Amino acid sequence: MNNDSHQGFLIPANEKFDEYFREFMKDDFSKSVIIKQKANTARQYAEGIMDLLLYKTKIEPFLTPKQKRSFDNKEKRNRTICIEIMREKYSVDIANKFEEVMKTVGNAGSHFASEITQEQLQIQRKYLQRIIEDIFIEYFLDKEHIFGTENIFYIFSMLTLDSRIYILEELYSKYKNQDIVERLAMAYEKNGQQDKAIELLKNACDNKIIDIEFLNGMERKLEALRMRLPDVQKLNSIGVNDKATMLKATNGLYVFGYPSNKNSFDIREAVKCFRQWFDVNKDKYPEFINLFLSIMMFDDRDWTSDD
């Protein structure tokens, strides 16, 4: 994802944050020295994630006064202490993932005699992405941010299908409501998992999470999506700019043209489409927006623009 796409929308991490990420995500794995550099950069990027998304709210409140005075200087933050606080006060799983990236593979990049492979780096990338996805889940587990109670559906729909499905499945295992069911069923349908979508809806109805009227409405919506999605994706792929053309109707139900294509995304139109949401909500949901922009940096769809 082009970093220019979100300039002005957010208060991101320190100035090195994007630099570390761009270096880490390059695909030039031809030399071992480059692989070692990437491993080291990944550790720095993990520290950036920690500072941006967790430090102020999940770590700093539990520091001793002496630790806090020292940690005010980012260069002197003891990451082992940060991870231990995270493990005790926040999430064992997320703490373990940070430790995996920052100690196991990240440290290997710092030592001349150590060996690190391209496969290990790919695993490391997935760990970094999964850390942010898990922080998303923790966000929605907070009673103040229960999924469905905040105006975030519009922007949440921009996440890749893999991320959406992982986050929503994990949430559904923790608590269940109509909003999770609806968004997860739609994500399954767009991901070609029609049977899972229908099974989810029927089970939710049997367990009285949704009623029969909602079930019937969702089945009609999924059918409309199934019929029209290939056409909408085709329109996206050839860069149709006529919004009226991009709306396809069947049985009175509409399927919007963005962001349905699994492989490409028009960055110019995406920014235009979501600008109003950011302008209205950036002060309401700063934590969510930081999470959103952090995870979108891992988006491997083909972001294109006519500009």
# chains A, B, ... in the order shown; residues from 1 in each chain; ligands from 1
>>> residues_around(residues="Asp299 in chain A", least_positions_apart="5", cutoff="10 Å", atoms="only C-alpha atoms", output="count of residues only")
7
>>> atom_distance(atom1="CA of Lys221 in chain A", atom2="CA of Glu150 in chain A")
22.9 Å
>>> residues_around(residues="Phe136 in chain A", least_positions_apart="3", cutoff="12 Å", atoms="only C-alpha atoms", output="mmCIF file with C-alpha atoms, in the first residue's frame")
data_model
loop_
_atom_site.group_PDB
_atom_site.id
_atom_site.type_symbol
_atom_site.label_atom_id
_atom_site.label_comp_id
_atom_site.auth_asym_id
_atom_site.auth_seq_id
_atom_site.Cartn_x
_atom_site.Cartn_y
_atom_site.Cartn_z
ATOM 1 C CA LEU A 53 -0.647 0.685 19.389
ATOM 2 C CA LEU A 54 0.035 -0.491 22.930
ATOM 3 C CA ILE A 94 0.189 -11.222 21.682
ATOM 4 C CA GLN A 129 0.409 -9.014 10.602
ATOM 5 C CA ARG A 130 -1.195 -11.446 13.030
ATOM 6 C CA ILE A 131 -0.085 -9.293 15.987
ATOM 7 C CA ILE A 132 -2.081 -6.369 14.592
ATOM 8 C CA GLU A 133 -5.067 -8.610 13.825
ATOM 9 C CA TYR A 139 -10.048 -3.844 20.732
ATOM 10 C CA PHE A 140 -13.454 -5.375 19.991
ATOM 11 C CA LEU A 141 -13.370 -7.430 23.194
ATOM 12 C CA ASP A 142 -13.256 -4.215 25.213
ATOM 13 C CA HIS A 145 -15.836 -1.142 21.598
ATOM 14 C CA ILE A 146 -18.154 -4.127 21.188
ATOM 15 C CA PHE A 147 -18.487 -4.933 17.491
ATOM 16 C CA PHE A 156 -13.620 -2.240 8.484
ATOM 17 C CA LEU A 159 -9.552 -4.889 5.268
ATOM 18 C CA SER A 163 -8.026 -10.409 7.959
ATOM 19 C CA ARG A 164 -11.765 -9.796 8.231
ATOM 20 C CA TYR A 166 -9.846 -14.171 11.042
ATOM 21 C CA ILE A 167 -10.923 -11.246 13.242
ATOM 22 C CA LEU A 168 -14.647 -11.972 12.988
ATOM 23 C CA GLU A 170 -12.224 -15.050 16.703
ATOM 24 C CA LEU A 171 -14.797 -12.541 17.921
ATOM 25 C CA GLU A 287 -7.237 3.784 18.342
ATOM 26 C CA PHE A 288 -9.227 2.023 15.634
ATOM 27 C CA ILE A 289 -7.749 4.211 12.890
ATOM 28 C CA ASN A 290 -4.198 3.525 14.065
ATOM 29 C CA LEU A 291 -4.969 -0.195 13.939
ATOM 30 C CA PHE A 292 -6.562 0.106 10.517
ATOM 31 C CA LEU A 293 -3.664 1.949 8.926
ATOM 32 C CA SER A 294 -1.121 -0.370 10.542
ATOM 33 C CA ILE A 295 -2.751 -3.502 9.145
#
>>> residues_around(residues="Tyr172 in chain A", least_positions_apart="5", cutoff="8 Å", atoms="only C-alpha atoms", output="mmCIF file with all heavy atoms, in the first residue's frame")
data_model
loop_
_atom_site.group_PDB
_atom_site.id
_atom_site.type_symbol
_atom_site.label_atom_id
_atom_site.label_comp_id
_atom_site.auth_asym_id
_atom_site.auth_seq_id
_atom_site.Cartn_x
_atom_site.Cartn_y
_atom_site.Cartn_z
ATOM 1 N N ASN A 177 -23.252 -11.693 18.133
ATOM 2 C CA ASN A 177 -24.349 -10.771 17.912
ATOM 3 C C ASN A 177 -24.649 -10.702 16.416
ATOM 4 O O ASN A 177 -23.915 -11.257 15.590
ATOM 5 C CB ASN A 177 -24.062 -9.375 18.498
ATOM 6 C CG ASN A 177 -22.863 -8.692 17.873
ATOM 7 O OD1 ASN A 177 -22.600 -8.827 16.682
ATOM 8 N ND2 ASN A 177 -22.115 -7.928 18.681
ATOM 9 N N ILE A 180 -21.860 -9.252 13.953
ATOM 10 C CA ILE A 180 -20.764 -10.166 13.622
ATOM 11 C C ILE A 180 -21.241 -11.201 12.615
ATOM 12 O O ILE A 180 -20.556 -11.497 11.624
ATOM 13 C CB ILE A 180 -20.219 -10.858 14.883
ATOM 14 C CG1 ILE A 180 -19.596 -9.830 15.835
ATOM 15 C CG2 ILE A 180 -19.188 -11.926 14.510
ATOM 16 C CD1 ILE A 180 -19.128 -10.423 17.160
ATOM 17 N N VAL A 181 -22.427 -11.754 12.840
ATOM 18 C CA VAL A 181 -22.974 -12.764 11.935
ATOM 19 C C VAL A 181 -23.103 -12.207 10.521
ATOM 20 O O VAL A 181 -22.691 -12.842 9.546
ATOM 21 C CB VAL A 181 -24.353 -13.258 12.442
ATOM 22 C CG1 VAL A 181 -25.031 -14.130 11.396
ATOM 23 C CG2 VAL A 181 -24.193 -14.028 13.749
#
>>> residues_around(residues="Asn216 in chain A", least_positions_apart="6", cutoff="10 Å", atoms="only C-alpha atoms", output="PyMOL selection string")
chain A and resi 201-202+222
>>> write_last_selection(atoms="N, CA and C atoms", output="PDB file, in the first residue's frame")
ATOM      1  N   LEU A 201     -25.312 -18.680   9.212  1.00  0.00           N
ATOM      2  CA  LEU A 201     -26.604 -18.023   9.379  1.00  0.00           C
ATOM      3  C   LEU A 201     -27.630 -18.964  10.024  1.00  0.00           C
ATOM      4  N   LYS A 202     -27.661 -20.210   9.566  1.00  0.00           N
ATOM      5  CA  LYS A 202     -28.642 -21.155  10.111  1.00  0.00           C
ATOM      6  C   LYS A 202     -28.359 -21.482  11.581  1.00  0.00           C
ATOM      7  N   LEU A 222     -27.130 -12.580   0.028  1.00  0.00           N
ATOM      8  CA  LEU A 222     -26.014 -13.416  -0.426  1.00  0.00           C
ATOM      9  C   LEU A 222     -26.246 -13.930  -1.848  1.00  0.00           C
TER      10      LEU A 222
END
>>> select_by_dssp(residues="range 48-246 of chain A", states="alpha helix (DSSP H)", output="NGL selection string")
:A and (48-49 or 65-71 or 79-89 or 92-99 or 106-108 or 118-141 or 153-156 or 161-174 or 178-190 or 194-206 or 212-237 or 243-246)
